[in-house]
$ cat coords.cif   # mmCIF, C-alpha atoms and all ligand atoms
data_start
#
loop_
_atom_site.label_atom_id
_atom_site.label_comp_id
_atom_site.auth_asym_id
_atom_site.auth_seq_id
_atom_site.Cartn_x
_atom_site.Cartn_y
_atom_site.Cartn_z
CA MET A 1 13.89 -29.19 -0.65
CA SER A 2 10.43 -27.68 -0.10
CA VAL A 3 8.44 -25.00 1.73
CA LEU A 4 5.92 -26.18 4.32
CA VAL A 5 2.86 -24.17 5.32
CA LEU A 6 0.88 -25.04 8.46
CA ALA A 7 -2.84 -24.71 7.66
CA GLU A 8 -5.00 -22.74 10.08
CA GLN A 9 -8.33 -24.29 10.97
CA ARG A 10 -11.30 -23.34 13.14
CA GLU A 11 -13.59 -26.08 14.42
CA GLY A 12 -12.65 -28.41 11.59
CA ALA A 13 -12.90 -25.90 8.72
CA ILE A 14 -9.91 -24.44 6.86
CA HIS A 15 -9.56 -20.76 7.79
CA PRO A 16 -8.85 -18.19 5.00
CA THR A 17 -5.57 -17.26 6.74
CA THR A 18 -4.28 -20.54 5.27
CA TYR A 19 -4.62 -19.05 1.77
CA GLU A 20 -2.58 -15.98 2.78
CA LEU A 21 0.13 -18.32 4.11
CA LEU A 22 0.04 -20.37 0.91
CA ALA A 23 0.53 -17.21 -1.17
CA ARG A 24 3.59 -16.36 0.92
CA GLY A 25 4.83 -19.95 0.69
CA ARG A 26 4.34 -19.95 -3.08
CA MET A 27 6.33 -16.72 -3.48
CA LEU A 28 9.22 -18.16 -1.43
CA ALA A 29 9.08 -21.55 -3.15
CA ASP A 30 9.07 -19.99 -6.62
CA LYS A 31 12.25 -18.10 -5.73
CA LEU A 32 13.83 -21.37 -4.54
CA GLU A 33 12.28 -23.36 -7.42
CA THR A 34 10.84 -25.86 -4.99
CA PRO A 35 7.34 -27.22 -4.16
CA VAL A 36 4.95 -25.96 -1.46
CA ASN A 37 3.47 -28.53 0.92
CA CYS A 38 0.63 -27.81 3.33
CA ALA A 39 0.15 -29.60 6.67
CA VAL A 40 -3.44 -29.88 7.89
CA ILE A 41 -3.49 -31.06 11.49
CA GLY A 42 -6.44 -32.26 13.51
CA CYS A 43 -9.16 -32.17 10.86
CA ASP A 44 -9.86 -33.68 7.46
CA PRO A 45 -11.00 -31.05 4.94
CA GLY A 46 -12.08 -33.81 2.53
CA GLU A 47 -11.54 -33.85 -1.22
CA GLY A 48 -13.09 -30.40 -1.74
CA GLY A 49 -11.12 -28.76 1.06
CA CYS A 50 -7.82 -30.29 -0.07
CA SER A 51 -8.49 -29.26 -3.69
CA GLU A 52 -9.11 -25.69 -2.49
CA ILE A 53 -5.72 -25.72 -0.72
CA ILE A 54 -4.11 -26.86 -3.98
CA TYR A 55 -6.00 -24.23 -6.03
CA ARG A 56 -4.57 -21.62 -3.65
CA GLY A 57 -0.95 -22.60 -4.21
CA ALA A 58 -0.03 -25.95 -2.58
CA ASP A 59 1.56 -28.82 -4.52
CA ALA A 60 0.83 -31.42 -1.84
CA VAL A 61 -1.45 -31.57 1.21
CA TYR A 62 -0.49 -33.68 4.25
CA VAL A 63 -3.52 -34.43 6.42
CA VAL A 64 -2.69 -35.63 9.95
CA ASN A 65 -5.90 -36.58 11.75
CA GLU A 66 -5.30 -40.16 12.91
CA PRO A 67 -5.51 -42.13 15.10
CA ALA A 68 -8.84 -40.95 16.55
CA SER A 69 -7.49 -41.59 20.06
CA ILE A 70 -5.22 -38.51 19.76
CA ASP A 71 -6.68 -35.09 20.58
CA PHE A 72 -4.84 -32.84 18.13
CA ARG A 73 -6.14 -29.74 19.91
CA LEU A 74 -3.44 -30.41 22.52
CA PRO A 75 -0.21 -28.54 21.74
CA GLY A 76 2.00 -31.59 22.39
CA ALA A 77 0.09 -33.78 19.94
CA ALA A 78 -0.30 -31.05 17.31
CA SER A 79 3.40 -30.16 17.46
CA ARG A 80 4.38 -33.86 17.08
CA ALA A 81 2.09 -34.00 14.03
CA LEU A 82 3.87 -31.01 12.48
CA GLN A 83 7.21 -32.56 13.34
CA ARG A 84 6.15 -35.78 11.56
CA VAL A 85 5.30 -33.83 8.38
CA ILE A 86 8.66 -32.04 8.63
CA GLU A 87 10.39 -35.43 8.83
CA LEU A 88 8.47 -36.63 5.77
CA THR A 89 9.02 -33.53 3.63
CA ALA A 90 12.40 -32.15 4.87
CA PRO A 91 11.45 -28.51 4.25
CA GLU A 92 13.94 -25.65 4.06
CA ILE A 93 11.26 -23.30 5.40
CA VAL A 94 8.20 -23.73 7.64
CA VAL A 95 5.63 -20.94 7.82
CA ALA A 96 2.61 -20.69 10.16
CA ALA A 97 0.17 -17.98 11.18
CA ALA A 98 0.98 -15.83 14.22
CA THR A 99 -2.25 -17.00 15.84
CA THR A 100 -2.74 -18.92 19.09
CA THR A 101 -2.15 -22.17 17.18
CA GLY A 102 0.99 -21.05 15.33
CA ARG A 103 2.41 -19.25 18.34
CA THR A 104 1.97 -22.38 20.47
CA ILE A 105 3.02 -25.17 18.12
CA MET A 106 5.93 -23.60 16.22
CA PRO A 107 8.15 -22.86 19.29
CA LEU A 108 7.68 -26.44 20.53
CA VAL A 109 8.82 -27.85 17.19
CA ALA A 110 11.66 -25.34 16.75
CA ALA A 111 13.01 -26.15 20.22
CA ARG A 112 12.93 -29.90 19.58
CA LEU A 113 14.61 -29.52 16.19
CA ARG A 114 17.13 -27.05 17.67
CA THR A 115 16.47 -24.52 14.99
CA GLY A 116 15.54 -20.83 14.95
CA LEU A 117 12.06 -19.32 14.86
CA THR A 118 11.14 -15.71 14.13
CA ALA A 119 7.72 -14.85 15.52
CA ASP A 120 5.28 -12.28 14.18
CA CYS A 121 7.04 -11.48 10.89
CA THR A 122 5.57 -8.75 8.71
CA GLY A 123 7.82 -9.58 5.75
CA LEU A 124 9.38 -12.76 4.34
CA ASP A 125 11.67 -12.97 1.35
CA ILE A 126 14.58 -14.94 -0.08
CA ASP A 127 18.11 -13.60 -0.10
CA ASP A 128 19.20 -13.68 -3.78
CA LYS A 129 22.79 -14.68 -3.01
CA GLU A 130 22.65 -17.16 -0.12
CA LYS A 131 19.07 -18.32 -0.80
CA LEU A 132 18.32 -17.88 2.91
CA LEU A 133 14.93 -16.88 4.32
CA LEU A 134 14.83 -13.18 5.23
CA GLN A 135 12.51 -12.84 8.22
CA THR A 136 11.52 -9.22 8.84
CA ARG A 137 9.72 -8.04 11.96
CA PRO A 138 9.47 -4.88 14.08
CA ALA A 139 12.01 -4.78 16.93
CA ILE A 140 13.05 -2.46 19.78
CA GLY A 141 9.52 -1.33 20.57
CA GLY A 142 8.63 -1.24 16.90
CA ASN A 143 11.12 1.54 16.20
CA ILE A 144 13.16 -0.48 13.72
CA MET A 145 12.47 -3.30 11.30
CA ALA A 146 14.93 -6.16 11.90
CA THR A 147 15.69 -8.76 9.24
CA ILE A 148 16.72 -12.10 10.72
CA LYS A 149 18.41 -15.06 9.02
CA THR A 150 18.84 -18.68 10.13
CA PRO A 151 22.14 -19.49 8.40
CA SER A 152 22.86 -23.05 9.48
CA ALA A 153 20.02 -24.78 11.40
CA ARG A 154 17.11 -26.22 9.44
CA PRO A 155 14.28 -25.73 8.83
CA GLN A 156 14.05 -21.94 8.88
CA MET A 157 10.83 -21.26 10.81
CA ALA A 158 8.64 -18.16 10.95
CA THR A 159 5.16 -17.13 12.00
CA VAL A 160 3.45 -14.30 10.11
CA ARG A 161 0.59 -12.06 11.11
CA PRO A 162 -2.80 -12.81 9.53
CA LYS A 163 -3.88 -10.19 6.98
CA SER A 164 -0.31 -9.13 6.25
CA TRP A 165 -0.35 -10.75 2.77
CA ARG A 166 -2.95 -11.24 0.08
CA PRO A 167 -4.12 -14.74 -0.96
CA LEU A 168 -3.53 -15.81 -4.56
CA GLU A 169 -6.40 -15.89 -7.03
CA ARG A 170 -8.08 -19.32 -6.95
CA ASP A 171 -6.68 -21.38 -9.84
CA ALA A 172 -8.88 -24.45 -10.37
CA SER A 173 -6.51 -25.80 -13.04
CA ARG A 174 -3.78 -26.48 -10.44
CA ARG A 175 -3.15 -30.13 -9.59
CA GLY A 176 -1.51 -31.66 -6.52
CA VAL A 177 -1.44 -34.71 -4.29
CA VAL A 178 -3.10 -35.43 -0.95
CA ARG A 179 -1.44 -37.73 1.59
CA LYS A 180 -2.97 -39.02 4.82
CA VAL A 181 -0.47 -39.34 7.66
CA SER A 182 -1.21 -41.37 10.81
CA LEU A 183 0.61 -40.91 14.10
CA GLN A 184 -0.22 -44.51 15.06
CA GLY A 185 2.92 -45.85 16.73
CA TYR A 186 4.71 -42.48 16.47
CA GLU A 187 6.63 -41.38 19.58
CA LEU A 188 4.50 -38.62 21.11
CA GLY A 189 7.06 -37.66 23.75
CA PRO A 190 6.78 -37.20 27.51
CA GLU A 191 4.20 -34.40 27.28
CA ALA A 192 1.61 -36.81 25.83
CA GLY A 193 0.78 -38.20 29.26
CA CYS A 194 0.68 -34.82 31.05
CA GLU A 195 -1.64 -32.72 28.92
CA ARG A 196 -5.40 -32.92 29.01
CA LEU A 197 -8.03 -30.68 27.46
CA ILE A 198 -10.38 -29.54 30.24
CA ASP A 199 -12.61 -27.10 28.39
CA VAL A 200 -12.74 -24.84 25.32
CA VAL A 201 -13.86 -21.29 26.14
CA LYS A 202 -14.52 -18.88 23.27
CA ASP A 203 -12.97 -15.42 23.70
CA THR A 204 -15.93 -13.23 22.84
CA THR A 205 -14.14 -10.00 23.84
CA GLN A 206 -12.29 -10.13 20.49
CA GLU A 207 -15.45 -10.41 18.41
CA VAL A 208 -15.17 -7.15 16.56
CA SER A 209 -15.67 -7.36 12.81
CA VAL A 210 -12.74 -5.04 12.01
CA GLN A 211 -10.38 -7.75 10.70
CA ASP A 212 -12.83 -9.17 8.18
CA ALA A 213 -14.37 -5.83 7.13
CA GLU A 214 -14.03 -4.71 3.49
CA ILE A 215 -13.86 -1.09 4.66
CA VAL A 216 -12.27 0.10 7.92
CA VAL A 217 -12.60 3.62 9.34
CA THR A 218 -9.99 4.30 12.03
CA GLY A 219 -9.94 7.19 14.45
CA GLY A 220 -6.77 8.66 15.96
CA LYS A 221 -6.11 11.12 18.78
CA GLY A 222 -7.01 13.96 16.42
CA VAL A 223 -10.68 13.25 17.27
CA LYS A 224 -9.91 14.94 20.64
CA ASN A 225 -12.32 12.98 22.89
CA ARG A 226 -14.93 10.21 23.09
CA ASP A 227 -17.56 12.43 21.45
CA GLY A 228 -15.16 13.09 18.57
CA PHE A 229 -14.67 9.33 18.17
CA LYS A 230 -18.44 9.01 17.67
CA LEU A 231 -17.93 10.83 14.35
CA VAL A 232 -15.62 7.98 13.28
CA GLU A 233 -18.27 5.43 14.31
CA GLU A 234 -20.93 7.40 12.40
CA LEU A 235 -18.82 7.52 9.24
CA ALA A 236 -18.17 3.76 9.58
CA ALA A 237 -21.90 3.09 9.99
CA ALA A 238 -22.70 5.18 6.89
CA LEU A 239 -20.18 3.12 4.88
CA GLY A 240 -21.04 -0.27 6.46
CA ALA A 241 -17.44 -0.36 7.68
CA GLY A 242 -15.58 -1.78 10.68
CA VAL A 243 -14.29 0.67 13.30
CA GLY A 244 -10.56 0.84 14.06
CA ALA A 245 -8.60 2.89 16.58
CA THR A 246 -4.99 3.83 17.25
CA ARG A 247 -3.33 2.73 20.48
CA ASP A 248 -3.53 6.24 21.93
CA VAL A 249 -7.30 6.24 21.41
CA VAL A 250 -7.59 2.85 23.14
CA ASP A 251 -5.32 3.98 25.99
CA LEU A 252 -7.53 7.04 26.47
CA GLY A 253 -10.60 4.79 26.71
CA TRP A 254 -12.41 6.20 23.65
CA ALA A 255 -12.46 2.72 22.02
CA SER A 256 -11.88 -0.80 23.35
CA TYR A 257 -8.75 -2.87 22.68
CA PRO A 258 -10.29 -5.24 20.07
CA HIS A 259 -10.55 -2.17 17.79
CA GLN A 260 -6.83 -1.38 18.00
CA ILE A 261 -4.94 -1.53 14.71
CA GLY A 262 -1.16 -1.83 14.65
CA LEU A 263 1.87 -3.56 16.03
CA SER A 264 0.31 -4.37 19.38
CA GLY A 265 -3.22 -4.64 17.99
CA LYS A 266 -4.75 -6.21 14.88
CA THR A 267 -3.44 -6.31 11.33
CA VAL A 268 -6.05 -5.46 8.72
CA SER A 269 -5.98 -5.52 4.95
CA PRO A 270 -9.33 -4.13 3.76
CA ARG A 271 -10.22 -2.85 0.29
CA LEU A 272 -10.52 0.66 1.74
CA TYR A 273 -8.87 2.05 4.90
CA ILE A 274 -9.85 5.54 6.06
CA ALA A 275 -7.59 7.09 8.71
CA VAL A 276 -9.16 10.03 10.53
CA GLY A 277 -6.87 12.18 12.69
CA VAL A 278 -4.16 9.49 12.67
CA SER A 279 -0.52 10.64 12.52
CA GLY A 280 0.82 7.42 10.91
CA ALA A 281 3.34 6.22 13.50
CA VAL A 282 5.38 3.21 12.35
CA GLN A 283 3.62 1.00 14.91
CA HIS A 284 0.25 1.94 13.44
CA LEU A 285 1.40 1.47 9.84
CA ALA A 286 2.55 -2.08 10.72
CA GLY A 287 -1.12 -3.01 11.08
CA MET A 288 -2.69 -1.43 8.01
CA GLN A 289 -0.22 -0.74 5.23
CA THR A 290 -1.28 -3.75 3.16
CA SER A 291 -4.76 -2.19 2.75
CA GLU A 292 -5.71 -1.90 -0.94
CA THR A 293 -6.58 1.81 -0.87
CA ILE A 294 -5.70 4.17 1.97
CA VAL A 295 -7.42 7.51 2.50
CA ALA A 296 -6.11 9.87 5.17
CA ILE A 297 -7.82 12.91 6.70
CA ASN A 298 -5.42 15.07 8.70
CA LYS A 299 -4.99 18.79 9.24
CA ASP A 300 -1.18 18.49 9.13
CA LYS A 301 -0.06 18.26 5.49
CA ASP A 302 3.29 16.77 6.64
CA ALA A 303 1.73 13.93 8.68
CA GLN A 304 3.45 10.54 8.12
CA ILE A 305 0.13 8.93 7.19
CA PHE A 306 0.14 10.84 3.88
CA LYS A 307 3.32 8.94 2.91
CA VAL A 308 1.35 5.66 2.69
CA ALA A 309 -2.00 7.17 1.64
CA ASP A 310 -3.36 6.82 -1.91
CA PHE A 311 -5.66 9.81 -1.31
CA GLY A 312 -5.20 12.55 1.25
CA ILE A 313 -7.57 15.21 2.53
CA VAL A 314 -5.70 18.01 4.30
CA GLY A 315 -8.29 19.62 6.55
CA ASP A 316 -9.99 19.73 9.92
CA LEU A 317 -11.72 16.39 10.52
CA PHE A 318 -14.56 18.20 12.33
CA ASP A 319 -15.41 19.87 8.99
CA VAL A 320 -14.52 17.04 6.62
CA VAL A 321 -16.14 14.03 8.38
CA PRO A 322 -19.61 15.54 9.06
CA ASP A 323 -19.64 16.70 5.43
CA LEU A 324 -18.78 13.18 4.21
CA ILE A 325 -21.48 11.65 6.43
CA ALA A 326 -24.07 14.15 5.15
CA ARG A 327 -23.14 13.39 1.51
CA LEU A 328 -23.35 9.61 2.11
CA LYS A 329 -26.76 9.97 3.79
CA ALA A 330 -28.04 12.21 0.99
CA GLU A 331 -26.80 9.72 -1.60
CA LYS A 332 -28.59 6.87 0.19
CA ALA A 333 -31.81 8.87 0.52
CA GLY A 334 -31.68 9.80 -3.18
CA ARG A 335 -31.58 6.18 -4.29
P1 LIG A 401 -1.08 11.31 17.31
O1 LIG A 401 0.26 10.81 16.94
O2 LIG A 401 -1.16 12.28 18.43
O3 LIG A 401 -1.72 11.91 15.99
C1 LIG A 401 -2.90 12.65 15.96
C2 LIG A 401 -3.03 13.22 14.55
O4 LIG A 401 -4.26 13.89 14.45
C3 LIG A 401 -1.94 14.22 14.19
O5 LIG A 401 -1.31 13.82 12.97
C4 LIG A 401 -2.68 15.53 14.00
O6 LIG A 401 -2.16 16.32 12.94
C5 LIG A 401 -4.07 15.05 13.65
N1 LIG A 401 -5.12 16.00 14.04
C6 LIG A 401 -5.26 16.66 15.21
N2 LIG A 401 -6.38 17.39 15.19
C7 LIG A 401 -6.95 17.23 13.98
C8 LIG A 401 -8.11 17.74 13.36
N3 LIG A 401 -8.94 18.57 14.01
N4 LIG A 401 -8.39 17.37 12.10
C9 LIG A 401 -7.55 16.51 11.42
N5 LIG A 401 -6.44 16.01 11.97
C10 LIG A 401 -6.14 16.33 13.23
N6 LIG A 401 -0.06 2.76 17.88
C11 LIG A 401 -1.09 2.21 17.20
O7 LIG A 401 -1.90 2.92 16.59
N7 LIG A 401 -1.27 0.85 17.20
C12 LIG A 401 -0.43 -0.02 17.83
O8 LIG A 401 -0.66 -1.22 17.78
C13 LIG A 401 0.68 0.54 18.52
N8 LIG A 401 1.57 -0.25 19.14
C14 LIG A 401 2.67 0.31 19.73
C15 LIG A 401 3.62 -0.53 20.29
C16 LIG A 401 4.75 0.01 20.88
C17 LIG A 401 5.77 -0.91 21.44
C18 LIG A 401 4.90 1.42 20.92
C19 LIG A 401 6.12 2.02 21.55
C20 LIG A 401 3.94 2.25 20.40
C21 LIG A 401 2.80 1.71 19.80
N9 LIG A 401 1.83 2.53 19.24
C22 LIG A 401 0.81 1.96 18.55
C23 LIG A 401 1.79 3.99 19.47
C24 LIG A 401 2.34 4.81 18.31
O9 LIG A 401 3.71 4.98 18.46
C25 LIG A 401 1.68 6.23 18.28
O10 LIG A 401 1.86 6.84 19.54
C26 LIG A 401 0.19 6.21 17.97
O11 LIG A 401 -0.10 5.41 16.84
C27 LIG A 401 -0.28 7.63 17.71
O12 LIG A 401 -1.67 7.64 17.67
P2 LIG A 401 -2.48 8.78 16.92
O13 LIG A 401 -2.11 8.80 15.49
O14 LIG A 401 -3.90 8.54 17.28
O15 LIG A 401 -2.04 10.11 17.71
#

$ encode --input "coords.cif" --output "structure tokens"
Amino acid sequence: MSVLVLAEQREGAIHPTTYELLARGRMLADKLETPVNCAVIGCDPGEGGCSEIIYRGADAVYVVNEPASIDFRLPGAASRALQRVIELTAPEIVVAAATTTGRTIMPLVAARLRTGLTADCTGLDIDDKEKLLLQTRPAIGGNIMATIKTPSARPQMATVRPKSWRPLERDASRRGVVRKVSLQGYELGPEAGCERLIDVVKDTTQEVSVQDAEIVVTGGKGVKNRDGFKLVEELAAALGAGVGATRDVVDLGWASYPHQIGLSGKTVSPRLYIAVGVSGAVQHLAGMQTSETIVAINKDKDAQIFKVADFGIVGDLFDVVPDLIARLKAEKAGR
């Protein structure tokens, strides 16, 4: 028995999302008293990279990057590679990121293994009694949180949103093993002959720094119009923060979609999240509630956002935000 985590990589380098997944995997594995294995597909992170994966919670790293004749960027090949690691490690649970990679590879593997897959989970846990994986995700338009179990088929498979869990502290005293796995001679299936990579085109429309920002300032419909949203952008600039927006603000055209935080937008987990004129709908909370510290500014003292906020300012944002900006500017000038 084991828990398997699919590493996330970008252009040959291990992406930090992998460490979030390993922290989740470790939590589940500790409850099952079983090891955590990590599958790295289509790149070789080398000794340093594999050690880092172990320091972040893995007991063993399986690197599948051979033979060179296979292009592991193709979903068919990458999914066969994951399937091979599943055959070698017989995991109870397989966890991947809800990114393009995870969302493409995991369904292919789940279908071939005739098992279940819950996409886009916000919560994973272990049922104390049955020791089954509890896979929680928003359902019915985000109005309820559904917890799904896979009682009989194995492995239990789930993808989780990046930034919905915190990585573990790096522990350089951890030890583990690294195994190289080759797909030489492995049956790649009928899709091997029909897929070909034509080009890789980078999606630059999503290049907004909000997901990696340490501080995020988000504006909601309370800002009233595009000019009001500029106050949010000004506060973010004064704090060196990323700019977020609710779906209503994006729908109204005051901010572009890459800024949207929530169920149908991005998930963020910054050190500080400032919500300005945001009501705190469940679909918005799904994208920001793992933030370390949440500050809410709202004129309605009963707004939902105050239920998750660590600090709340009940007041008119058109008084509070300009005052905050002025104080921050004065503080900077005084230095
Ligand atoms: P409102 O709910 O209208 O809140 C505005 C707030 O501003 C109020 O609390 C009000 O008290 C306050 N306010 C007004 N004036 C002032 C003032 N002068 N000073 C201070 N406060 C003031 N929403 C998302 O954000 N992200 C998503 O990804 C998302 N996905 C969704 C997916 C689905 C399937 C569905 C059905 C909905 C989704 N939504 C999402 C929409 C969500 O349900 C809410 O409608 C939305 O989050 C509300 O946005 P808001 O807080 O900006 O607006």

$ atom_distance --input "coords.cif" --atom1 "CA of Gly244 (chain A)" --atom2 "CA of Gln260 (chain A)"
5.9 Å

$ atom_distance --input "coords.cif" --atom1 "atom O13 of ligand LIG 401 (chain A)" --atom2 "CA of Gly280 (chain A)"
5.6 Å

$ residues_around --input "coords.cif" --residues "Thr159 (chain A)" --least-positions-apart "2" --cutoff "10 Å" --atoms "all atoms listed in the file" --output "JSON, numbers by chain"
{"A": [5, 6, 21, 94, 95, 96, 97, 98, 99, 102, 103, 106, 107, 117, 118, 119, 120, 121, 122, 124, 135, 157, 161, 162]}

$ residues_near_ligand --input "coords.cif" --ligand "ligand LIG 401 (chain A)" --cutoff "7 Å" --atoms "only C-alpha atoms and all ligand atoms" --output "VMD selection string"
chain A and resid 141 to 142 219 to 224 245 to 249 260 to 265 276 to 284 287 297 to 300 303 315 to 318

$ residues_around --input "coords.cif" --residues "Ala238 (chain A)" --least-positions-apart "2" --cutoff "10 Å" --atoms "only C-alpha atoms" --output "list in words"
Val232, Glu233, Glu234, Leu235, Ala236, Gly240, Ala241, Leu324, Ile325, Ala326, Arg327, Leu328, Lys329 and Lys332 of chain A

$ residues_around --input "coords.cif" --residues "Thr147 (chain A)" --least-positions-apart "3" --cutoff "9 Å" --atoms "only C-alpha atoms" --output "ChimeraX atom specification"
/A:123-124,134-138
